[in-house]
file work.cif (mmCIF, C-alpha atoms and all ligand atoms)
data_coords
loop_
_atom_site.label_atom_id
_atom_site.label_comp_id
_atom_site.auth_asym_id
_atom_site.auth_seq_id
_atom_site.Cartn_x
_atom_site.Cartn_y
_atom_site.Cartn_z
CA MET A 1 23.87 -18.03 -99.78
CA SER A 2 20.51 -16.27 -99.74
CA GLY A 3 18.48 -17.95 -96.97
CA LEU A 4 18.64 -17.50 -93.20
CA PHE A 5 20.34 -19.94 -90.86
CA VAL A 6 19.14 -19.97 -87.25
CA THR A 7 20.36 -22.33 -84.54
CA PHE A 8 18.98 -23.09 -81.08
CA GLU A 9 21.56 -23.99 -78.46
CA GLY A 10 21.54 -24.64 -74.75
CA PRO A 11 21.48 -27.30 -72.08
CA GLU A 12 19.10 -30.22 -71.79
CA GLY A 13 15.59 -29.23 -70.80
CA SER A 14 15.88 -25.63 -71.98
CA GLY A 15 12.93 -25.84 -74.38
CA LYS A 16 14.94 -25.67 -77.61
CA SER A 17 12.76 -28.09 -79.59
CA THR A 18 9.48 -26.59 -78.42
CA HIS A 19 10.53 -23.07 -79.36
CA ALA A 20 12.21 -24.14 -82.61
CA ASN A 21 8.92 -25.81 -83.61
CA GLU A 22 6.87 -22.80 -82.61
CA LEU A 23 9.12 -20.44 -84.56
CA SER A 24 9.04 -22.73 -87.61
CA ASP A 25 5.23 -22.84 -87.55
CA ARG A 26 5.01 -19.08 -87.28
CA LEU A 27 7.37 -18.53 -90.20
CA ARG A 28 5.62 -21.14 -92.35
CA GLY A 29 2.34 -19.42 -91.57
CA MET A 30 3.88 -16.25 -93.02
CA GLY A 31 4.74 -18.03 -96.25
CA PHE A 32 8.42 -18.76 -95.71
CA GLU A 33 9.97 -22.06 -96.67
CA VAL A 34 11.34 -23.44 -93.42
CA MET A 35 13.69 -26.39 -93.14
CA ARG A 36 13.78 -27.92 -89.62
CA ALA A 37 16.75 -30.05 -88.65
CA ARG A 38 18.29 -31.44 -85.50
CA GLU A 39 21.73 -32.52 -84.42
CA PRO A 40 23.01 -35.10 -84.17
CA GLY A 41 20.74 -36.41 -86.90
CA GLY A 42 18.71 -34.76 -89.61
CA THR A 43 19.91 -37.20 -92.31
CA PRO A 44 19.70 -41.02 -92.39
CA THR A 45 23.44 -41.20 -91.66
CA GLY A 46 23.12 -38.62 -88.92
CA GLU A 47 20.20 -40.44 -87.27
CA ALA A 48 22.25 -43.68 -87.22
CA ILE A 49 25.12 -41.76 -85.62
CA ARG A 50 22.66 -40.28 -83.09
CA GLU A 51 21.68 -43.76 -81.86
CA ILE A 52 25.33 -44.67 -81.30
CA LEU A 53 26.07 -41.43 -79.52
CA GLN A 54 23.08 -41.27 -77.24
CA HIS A 55 22.74 -44.89 -76.23
CA ASP A 56 26.05 -46.59 -77.11
CA ALA A 57 23.96 -48.46 -79.68
CA ALA A 58 26.99 -50.15 -81.23
CA GLY A 59 27.32 -52.17 -78.00
CA GLU A 60 30.44 -50.56 -76.53
CA PRO A 61 31.09 -47.22 -74.87
CA VAL A 62 32.44 -44.70 -77.37
CA THR A 63 35.67 -42.91 -76.45
CA ARG A 64 35.60 -39.14 -76.15
CA GLU A 65 37.67 -38.86 -79.35
CA THR A 66 35.16 -41.03 -81.25
CA GLU A 67 32.31 -39.00 -79.78
CA LEU A 68 33.85 -35.75 -81.00
CA LEU A 69 34.43 -37.09 -84.52
CA LEU A 70 30.97 -38.66 -84.78
CA PHE A 71 29.30 -35.35 -83.95
CA ALA A 72 31.47 -33.72 -86.60
CA ALA A 73 30.63 -36.47 -89.13
CA SER A 74 26.89 -36.14 -88.53
CA ARG A 75 27.20 -32.39 -89.04
CA ALA A 76 29.22 -32.69 -92.26
CA GLN A 77 26.48 -34.86 -93.76
CA LEU A 78 23.75 -32.46 -92.66
CA VAL A 79 25.56 -29.37 -93.96
CA GLN A 80 26.30 -30.79 -97.41
CA ASN A 81 23.03 -32.66 -98.01
CA VAL A 82 20.43 -30.54 -96.25
CA ILE A 83 21.50 -27.14 -94.93
CA LYS A 84 23.50 -25.75 -97.84
CA PRO A 85 20.96 -26.81 -100.50
CA ALA A 86 18.12 -25.30 -98.44
CA LEU A 87 19.96 -22.00 -97.93
CA SER A 88 20.77 -21.86 -101.64
CA ARG A 89 17.04 -22.13 -102.36
CA GLY A 90 16.48 -19.17 -100.05
CA ALA A 91 14.88 -21.22 -97.25
CA ILE A 92 15.05 -20.45 -93.54
CA VAL A 93 16.92 -23.27 -91.81
CA ILE A 94 16.14 -23.78 -88.13
CA CYS A 95 18.46 -26.24 -86.48
CA ASP A 96 18.24 -27.70 -83.01
CA ARG A 97 21.95 -27.60 -82.01
CA PHE A 98 24.91 -27.09 -84.33
CA ALA A 99 28.67 -26.67 -84.05
CA ASP A 100 28.45 -24.62 -80.82
CA SER A 101 27.15 -27.77 -79.11
CA THR A 102 30.40 -29.54 -79.96
CA THR A 103 32.44 -26.66 -78.59
CA ALA A 104 30.35 -26.51 -75.41
CA TYR A 105 29.92 -30.26 -74.74
CA GLN A 106 33.14 -31.75 -76.12
CA GLY A 107 35.40 -28.70 -75.77
CA TYR A 108 34.30 -27.34 -72.41
CA GLY A 109 32.38 -30.37 -71.07
CA ARG A 110 34.88 -33.09 -71.97
CA ASN A 111 37.89 -30.80 -71.60
CA PHE A 112 39.19 -31.01 -75.15
CA ASP A 113 41.27 -28.08 -76.30
CA VAL A 114 38.64 -25.54 -77.37
CA GLU A 115 40.67 -24.06 -80.24
CA ARG A 116 41.20 -27.52 -81.74
CA VAL A 117 37.48 -28.22 -81.47
CA LEU A 118 36.77 -24.94 -83.25
CA ASN A 119 39.14 -26.01 -86.05
CA LEU A 120 37.35 -29.33 -86.38
CA ASN A 121 34.00 -27.54 -86.49
CA GLU A 122 35.25 -25.31 -89.28
CA TRP A 123 36.22 -28.40 -91.22
CA ALA A 124 32.94 -30.25 -90.63
CA THR A 125 30.76 -27.26 -91.48
CA ASP A 126 32.84 -26.27 -94.51
CA GLY A 127 32.99 -22.82 -92.93
CA LEU A 128 29.23 -22.38 -92.60
CA ALA A 129 28.17 -20.43 -89.50
CA PRO A 130 24.64 -19.55 -88.36
CA ASP A 131 23.29 -16.05 -88.98
CA ALA A 132 21.79 -16.11 -85.49
CA THR A 133 22.17 -18.43 -82.51
CA LEU A 134 19.55 -18.43 -79.77
CA LEU A 135 21.20 -19.58 -76.57
CA MET A 136 18.44 -20.90 -74.34
CA ASP A 137 20.15 -20.32 -71.01
CA LEU A 138 18.96 -22.17 -67.93
CA ASP A 139 20.16 -23.03 -64.45
CA VAL A 140 21.59 -26.56 -64.60
CA GLY A 141 19.50 -27.78 -61.67
CA VAL A 142 16.26 -26.53 -63.23
CA GLY A 143 17.18 -28.25 -66.51
CA PHE A 144 17.82 -31.54 -64.67
CA GLU A 145 14.40 -31.35 -63.00
CA ARG A 146 12.66 -30.74 -66.33
CA ILE A 147 14.47 -33.64 -68.01
CA HIS A 148 13.75 -36.00 -65.13
CA LYS A 149 10.07 -35.10 -65.23
CA ARG A 150 9.87 -35.47 -69.03
CA ASN A 151 11.62 -38.86 -68.97
CA GLN A 152 9.23 -40.09 -66.27
CA GLU A 153 6.16 -38.87 -68.16
CA LEU A 154 7.32 -40.45 -71.43
CA GLY A 155 8.74 -43.60 -69.79
CA GLN A 156 12.15 -42.84 -71.34
CA ILE A 157 15.54 -43.80 -69.96
CA GLU A 158 18.19 -41.12 -69.54
CA ASP A 159 20.67 -40.86 -72.41
CA ARG A 160 24.47 -40.84 -72.03
CA PHE A 161 24.62 -37.07 -71.65
CA GLU A 162 21.74 -36.83 -69.19
CA ARG A 163 23.62 -39.29 -66.97
CA GLU A 164 26.70 -37.06 -66.83
CA GLU A 165 27.54 -35.48 -63.48
CA ARG A 166 26.38 -32.01 -62.64
CA ALA A 167 29.90 -30.55 -62.94
CA PHE A 168 29.98 -31.59 -66.61
CA HIS A 169 26.75 -29.71 -67.31
CA GLU A 170 28.02 -26.67 -65.39
CA ARG A 171 31.10 -26.62 -67.65
CA VAL A 172 28.84 -26.88 -70.71
CA ARG A 173 26.81 -23.89 -69.54
CA GLU A 174 29.93 -21.84 -68.81
CA GLY A 175 31.23 -22.83 -72.22
CA TYR A 176 28.11 -21.57 -73.95
CA LEU A 177 28.30 -18.27 -72.09
CA ALA A 178 31.97 -17.93 -73.10
CA LEU A 179 31.02 -18.52 -76.75
CA ALA A 180 28.28 -15.90 -76.49
CA GLN A 181 30.89 -13.41 -75.26
CA ARG A 182 33.24 -14.35 -78.07
CA TRP A 183 30.61 -13.85 -80.80
CA PRO A 184 28.22 -11.26 -79.32
CA GLU A 185 26.71 -10.36 -82.70
CA ARG A 186 25.68 -13.88 -83.56
CA PHE A 187 24.62 -15.06 -80.09
CA HIS A 188 21.41 -13.99 -78.39
CA ILE A 189 20.95 -15.15 -74.83
CA ILE A 190 17.35 -16.09 -74.04
CA GLN A 191 16.36 -16.62 -70.40
CA SER A 192 14.52 -19.87 -70.89
CA ASP A 193 13.05 -20.17 -67.39
CA ALA A 194 10.88 -17.09 -68.06
CA PRO A 195 7.14 -17.65 -68.78
CA VAL A 196 6.77 -19.36 -72.14
CA GLU A 197 5.15 -16.37 -73.87
CA ASN A 198 8.03 -14.13 -72.79
CA VAL A 199 10.52 -16.64 -74.18
CA SER A 200 8.62 -16.75 -77.50
CA ALA A 201 8.54 -12.93 -77.63
CA ALA A 202 12.28 -12.66 -76.93
CA ILE A 203 13.00 -15.12 -79.74
CA TRP A 204 10.75 -13.22 -82.13
CA ASN A 205 12.50 -9.93 -81.32
CA VAL A 206 15.73 -11.49 -82.53
CA ILE A 207 14.37 -13.19 -85.65
CA ASP A 208 11.93 -10.63 -87.03
CA PRO A 209 14.57 -8.06 -88.11
CA LEU A 210 16.58 -10.79 -89.84
CA LEU A 211 13.85 -12.08 -92.13
CA PRO A 212 14.77 -12.00 -95.81
CA ASP A 213 13.35 -9.00 -97.66
CA ALA A 214 11.98 -11.13 -100.48
CA ALA A 215 9.25 -12.52 -98.27
CA CYS A 216 8.38 -9.25 -96.49
CA GLU A 217 5.45 -8.53 -98.75
CA ARG A 218 3.98 -11.86 -97.68
CA ARG A 219 4.04 -10.92 -94.00
CA PRO A 220 0.37 -10.58 -92.97
CA ASP A 221 1.06 -8.25 -90.02
CA GLU A 222 2.44 -5.68 -92.44
CA GLY A 223 -0.78 -5.53 -94.41
P1 LIG B 1 19.20 -33.54 -77.75
O1 LIG B 1 19.00 -33.62 -79.22
O2 LIG B 1 18.12 -34.21 -76.99
O3 LIG B 1 19.51 -32.19 -77.27
O4 LIG B 1 20.45 -34.47 -77.41
C1 LIG B 1 21.64 -34.36 -78.02
C2 LIG B 1 22.70 -34.61 -76.96
O5 LIG B 1 23.97 -34.64 -77.60
C3 LIG B 1 22.74 -33.51 -75.93
O6 LIG B 1 22.98 -34.07 -74.66
C4 LIG B 1 23.93 -32.69 -76.34
C5 LIG B 1 24.83 -33.67 -77.02
N1 LIG B 1 25.63 -33.08 -78.09
C6 LIG B 1 27.00 -33.01 -77.94
O7 LIG B 1 27.53 -33.43 -76.92
N2 LIG B 1 27.75 -32.48 -78.95
C7 LIG B 1 27.20 -32.04 -80.13
O8 LIG B 1 27.91 -31.57 -81.02
C8 LIG B 1 25.75 -32.14 -80.28
C9 LIG B 1 25.10 -31.68 -81.54
C10 LIG B 1 25.02 -32.66 -79.23
#

call {"tool": "encode", "arguments": {"input": "work.cif", "output": "structure tokens"}}
result
Amino acid sequence: MSGLFVTFEGPEGSGKSTHANELSDRLRGMGFEVMRAREPGGTPTGEAIREILQHDAAGEPVTRETELLLFAASRAQLVQNVIKPALSRGAIVICDRFADSTTAYQGYGRNFDVERVLNLNEWATDGLAPDATLLMDLDVGVGFERIHKRNQELGQIEDRFEREERAFHERVREGYLALAQRWPERFHIIQSDAPVENVSAAIWNVIDPLLPDAACERRPDEG
């Protein structure tokens, strides 16, 4: 596969979407084909699954087993229909959350056996792993404040995960940090409570050296 696969991970309120958008715009401006996706979602099937998962849209609470399998199902659809074709074309795929979210939230957060979750992820992704994962790390309390403020400003209600107790989110954060230790070459920890321009610069320092050679001549800053 010739493209580049980058994922943003981290807790709620860590600025993943904002920075994923900013990075995508920058790369597009340099002439790269960029495919933006988000999880759960990113395909019509995935977006339908997202509604069920975030707001119990089917009218009943989903069990934790169903939750785990729905995240995996959404991902399988996204990998086969969107991510793999884009990477085969040589595109840069930037995804807001991927399999590490399932390990962190369902494995560590919901206390499923982590190795079994990793096996399920392998199955759902057909073995596809990101080239780089930006872990937007943030104190859980700070993340809660940001989410609360954003929901108030936008008049949104909290989703199922935002309503989870603090201990759940602490386990998710610890889980992410454990994954970063397990795969130190793929994971890059970004302190996401730093000033926004420092966060952007830290992300760029990770991505710039990974950019495919084929597009280098189109990079304006290299003349
Ligand atoms: P977000 O797109 O606003 O980040 O919301 C997605 C929510 O779903 C977030 O609370 C994290 C959660 N989630 C999981 O629990 N497991 C997963 O595999 C994924 C992709 C997300």

call {"tool": "residues_near_ligand", "arguments": {"input": "work.cif", "ligand": "ligand LIG 1 (chain B)", "cutoff": "6 Å", "atoms": "only C-alpha atoms and all ligand atoms", "output": "PyMOL selection string"}}
result
chain A and resi 12+39-40+71+97-99+101-102+105-106+161

call {"tool": "residues_around", "arguments": {"input": "work.cif", "residues": "Ala86 (chain A)", "least_positions_apart": "3", "cutoff": "9 Å", "atoms": "all atoms listed in the file", "output": "list of chain:residue names"}}
result
A:Gly3, A:Glu33, A:Val34, A:Met35, A:Asn81, A:Val82, A:Ile83, A:Arg89, A:Gly90, A:Ala91, A:Ile92, A:Val93

call {"tool": "atom_distance", "arguments": {"input": "work.cif", "atom1": "CA of Phe5 (chain A)", "atom2": "CA of Met30 (chain A)"}}
result
17.0 Å

call {"tool": "closest_residue", "arguments": {"input": "work.cif", "among": "A:Pro195, A:Glu185, A:Leu120, A:Gly13", "to": "Lys149 (chain A)", "atoms": "all atoms listed in the file"}}
result
A:Gly13

call {"tool": "atom_distance", "arguments": {"input": "work.cif", "atom1": "CA of Ile189 (chain A)", "atom2": "CA of Leu154 (chain A)"}}
result
28.9 Å

call {"tool": "atom_distance", "arguments": {"input": "work.cif", "atom1": "CA of Thr133 (chain A)", "atom2": "CA of Glu9 (chain A)"}}
result
6.9 Å

call {"tool": "build_atoms", "arguments": {"input": "work.cif", "residues": "region 53-76 of chain A", "atoms": "N, CA, C and O atoms", "output": "PDB file, keeping the file's coordinate frame"}}
result
ATOM      1  N   LEU A  53      25.604 -42.430 -80.477  1.00  0.00           N
ATOM      2  CA  LEU A  53      26.070 -41.430 -79.520  1.00  0.00           C
ATOM      3  C   LEU A  53      25.221 -41.355 -78.268  1.00  0.00           C
ATOM      4  O   LEU A  53      25.731 -41.165 -77.172  1.00  0.00           O
ATOM      5  N   GLN A  54      23.912 -41.495 -78.423  1.00  0.00           N
ATOM      6  CA  GLN A  54      23.080 -41.270 -77.240  1.00  0.00           C
ATOM      7  C   GLN A  54      22.914 -42.514 -76.384  1.00  0.00           C
ATOM      8  O   GLN A  54      22.699 -42.422 -75.194  1.00  0.00           O
ATOM      9  N   HIS A  55      23.006 -43.677 -77.007  1.00  0.00           N
ATOM     10  CA  HIS A  55      22.740 -44.890 -76.230  1.00  0.00           C
ATOM     11  C   HIS A  55      23.801 -45.966 -76.410  1.00  0.00           C
ATOM     12  O   HIS A  55      23.530 -47.137 -76.186  1.00  0.00           O
ATOM     13  N   ASP A  56      24.995 -45.598 -76.860  1.00  0.00           N
ATOM     14  CA  ASP A  56      26.050 -46.590 -77.110  1.00  0.00           C
ATOM     15  C   ASP A  56      25.488 -47.768 -77.905  1.00  0.00           C
ATOM     16  O   ASP A  56      25.738 -48.941 -77.598  1.00  0.00           O
ATOM     17  N   ALA A  57      24.719 -47.441 -78.967  1.00  0.00           N
ATOM     18  CA  ALA A  57      23.960 -48.460 -79.680  1.00  0.00           C
ATOM     19  C   ALA A  57      24.834 -49.474 -80.394  1.00  0.00           C
ATOM     20  O   ALA A  57      24.364 -50.542 -80.784  1.00  0.00           O
ATOM     21  N   ALA A  58      26.122 -49.172 -80.571  1.00  0.00           N
ATOM     22  CA  ALA A  58      26.990 -50.150 -81.230  1.00  0.00           C
ATOM     23  C   ALA A  58      27.427 -51.229 -80.252  1.00  0.00           C
ATOM     24  O   ALA A  58      28.091 -52.192 -80.638  1.00  0.00           O
ATOM     25  N   GLY A  59      27.040 -51.105 -78.964  1.00  0.00           N
ATOM     26  CA  GLY A  59      27.320 -52.170 -78.000  1.00  0.00           C
ATOM     27  C   GLY A  59      28.596 -51.983 -77.209  1.00  0.00           C
ATOM     28  O   GLY A  59      29.006 -52.866 -76.458  1.00  0.00           O
ATOM     29  N   GLU A  60      29.249 -50.865 -77.355  1.00  0.00           N
ATOM     30  CA  GLU A  60      30.440 -50.560 -76.530  1.00  0.00           C
ATOM     31  C   GLU A  60      30.454 -49.067 -76.268  1.00  0.00           C
ATOM     32  O   GLU A  60      29.945 -48.285 -77.079  1.00  0.00           O
ATOM     33  N   PRO A  61      31.017 -48.660 -75.137  1.00  0.00           N
ATOM     34  CA  PRO A  61      31.090 -47.220 -74.870  1.00  0.00           C
ATOM     35  C   PRO A  61      31.994 -46.542 -75.889  1.00  0.00           C
ATOM     36  O   PRO A  61      33.054 -47.079 -76.219  1.00  0.00           O
ATOM     37  N   VAL A  62      31.574 -45.411 -76.428  1.00  0.00           N
ATOM     38  CA  VAL A  62      32.440 -44.700 -77.370  1.00  0.00           C
ATOM     39  C   VAL A  62      33.453 -43.859 -76.584  1.00  0.00           C
ATOM     40  O   VAL A  62      33.140 -43.340 -75.520  1.00  0.00           O
ATOM     41  N   THR A  63      34.657 -43.753 -77.111  1.00  0.00           N
ATOM     42  CA  THR A  63      35.670 -42.910 -76.450  1.00  0.00           C
ATOM     43  C   THR A  63      35.321 -41.448 -76.712  1.00  0.00           C
ATOM     44  O   THR A  63      34.540 -41.135 -77.615  1.00  0.00           O
ATOM     45  N   ARG A  64      35.947 -40.563 -75.954  1.00  0.00           N
ATOM     46  CA  ARG A  64      35.600 -39.140 -76.150  1.00  0.00           C
ATOM     47  C   ARG A  64      36.095 -38.647 -77.505  1.00  0.00           C
ATOM     48  O   ARG A  64      35.510 -37.758 -78.106  1.00  0.00           O
ATOM     49  N   GLU A  65      37.185 -39.258 -78.013  1.00  0.00           N
ATOM     50  CA  GLU A  65      37.670 -38.860 -79.350  1.00  0.00           C
ATOM     51  C   GLU A  65      36.659 -39.286 -80.417  1.00  0.00           C
ATOM     52  O   GLU A  65      36.328 -38.517 -81.335  1.00  0.00           O
ATOM     53  N   THR A  66      36.153 -40.532 -80.285  1.00  0.00           N
ATOM     54  CA  THR A  66      35.160 -41.030 -81.250  1.00  0.00           C
ATOM     55  C   THR A  66      33.909 -40.156 -81.184  1.00  0.00           C
ATOM     56  O   THR A  66      33.337 -39.786 -82.212  1.00  0.00           O
ATOM     57  N   GLU A  67      33.496 -39.837 -79.965  1.00  0.00           N
ATOM     58  CA  GLU A  67      32.310 -39.000 -79.780  1.00  0.00           C
ATOM     59  C   GLU A  67      32.458 -37.672 -80.532  1.00  0.00           C
ATOM     60  O   GLU A  67      31.574 -37.274 -81.313  1.00  0.00           O
ATOM     61  N   LEU A  68      33.600 -37.038 -80.352  1.00  0.00           N
ATOM     62  CA  LEU A  68      33.850 -35.750 -81.000  1.00  0.00           C
ATOM     63  C   LEU A  68      33.756 -35.888 -82.525  1.00  0.00           C
ATOM     64  O   LEU A  68      33.096 -35.093 -83.206  1.00  0.00           O
ATOM     65  N   LEU A  69      34.393 -36.931 -83.058  1.00  0.00           N
ATOM     66  CA  LEU A  69      34.430 -37.090 -84.520  1.00  0.00           C
ATOM     67  C   LEU A  69      33.070 -37.509 -85.072  1.00  0.00           C
ATOM     68  O   LEU A  69      32.712 -37.124 -86.192  1.00  0.00           O
ATOM     69  N   LEU A  70      32.308 -38.272 -84.302  1.00  0.00           N
ATOM     70  CA  LEU A  70      30.970 -38.660 -84.780  1.00  0.00           C
ATOM     71  C   LEU A  70      30.040 -37.448 -84.854  1.00  0.00           C
ATOM     72  O   LEU A  70      29.246 -37.322 -85.792  1.00  0.00           O
ATOM     73  N   PHE A  71      30.124 -36.575 -83.862  1.00  0.00           N
ATOM     74  CA  PHE A  71      29.300 -35.350 -83.950  1.00  0.00           C
ATOM     75  C   PHE A  71      29.689 -34.557 -85.188  1.00  0.00           C
ATOM     76  O   PHE A  71      28.827 -34.033 -85.908  1.00  0.00           O
ATOM     77  N   ALA A  72      30.994 -34.477 -85.432  1.00  0.00           N
ATOM     78  CA  ALA A  72      31.470 -33.720 -86.600  1.00  0.00           C
ATOM     79  C   ALA A  72      30.994 -34.398 -87.893  1.00  0.00           C
ATOM     80  O   ALA A  72      30.578 -33.726 -88.845  1.00  0.00           O
ATOM     81  N   ALA A  73      31.025 -35.736 -87.921  1.00  0.00           N
ATOM     82  CA  ALA A  73      30.630 -36.470 -89.130  1.00  0.00           C
ATOM     83  C   ALA A  73      29.138 -36.270 -89.411  1.00  0.00           C
ATOM     84  O   ALA A  73      28.730 -36.024 -90.555  1.00  0.00           O
ATOM     85  N   SER A  74      28.333 -36.349 -88.372  1.00  0.00           N
ATOM     86  CA  SER A  74      26.890 -36.140 -88.530  1.00  0.00           C
ATOM     87  C   SER A  74      26.630 -34.746 -89.103  1.00  0.00           C
ATOM     88  O   SER A  74      25.801 -34.543 -89.990  1.00  0.00           O
ATOM     89  N   ARG A  75      27.384 -33.779 -88.603  1.00  0.00           N
ATOM     90  CA  ARG A  75      27.200 -32.390 -89.040  1.00  0.00           C
ATOM     91  C   ARG A  75      27.633 -32.197 -90.496  1.00  0.00           C
ATOM     92  O   ARG A  75      26.960 -31.496 -91.254  1.00  0.00           O
ATOM     93  N   ALA A  76      28.736 -32.833 -90.880  1.00  0.00           N
ATOM     94  CA  ALA A  76      29.220 -32.690 -92.260  1.00  0.00           C
ATOM     95  C   ALA A  76      28.155 -33.177 -93.242  1.00  0.00           C
ATOM     96  O   ALA A  76      27.885 -32.547 -94.268  1.00  0.00           O
TER      97      ALA A  76
END
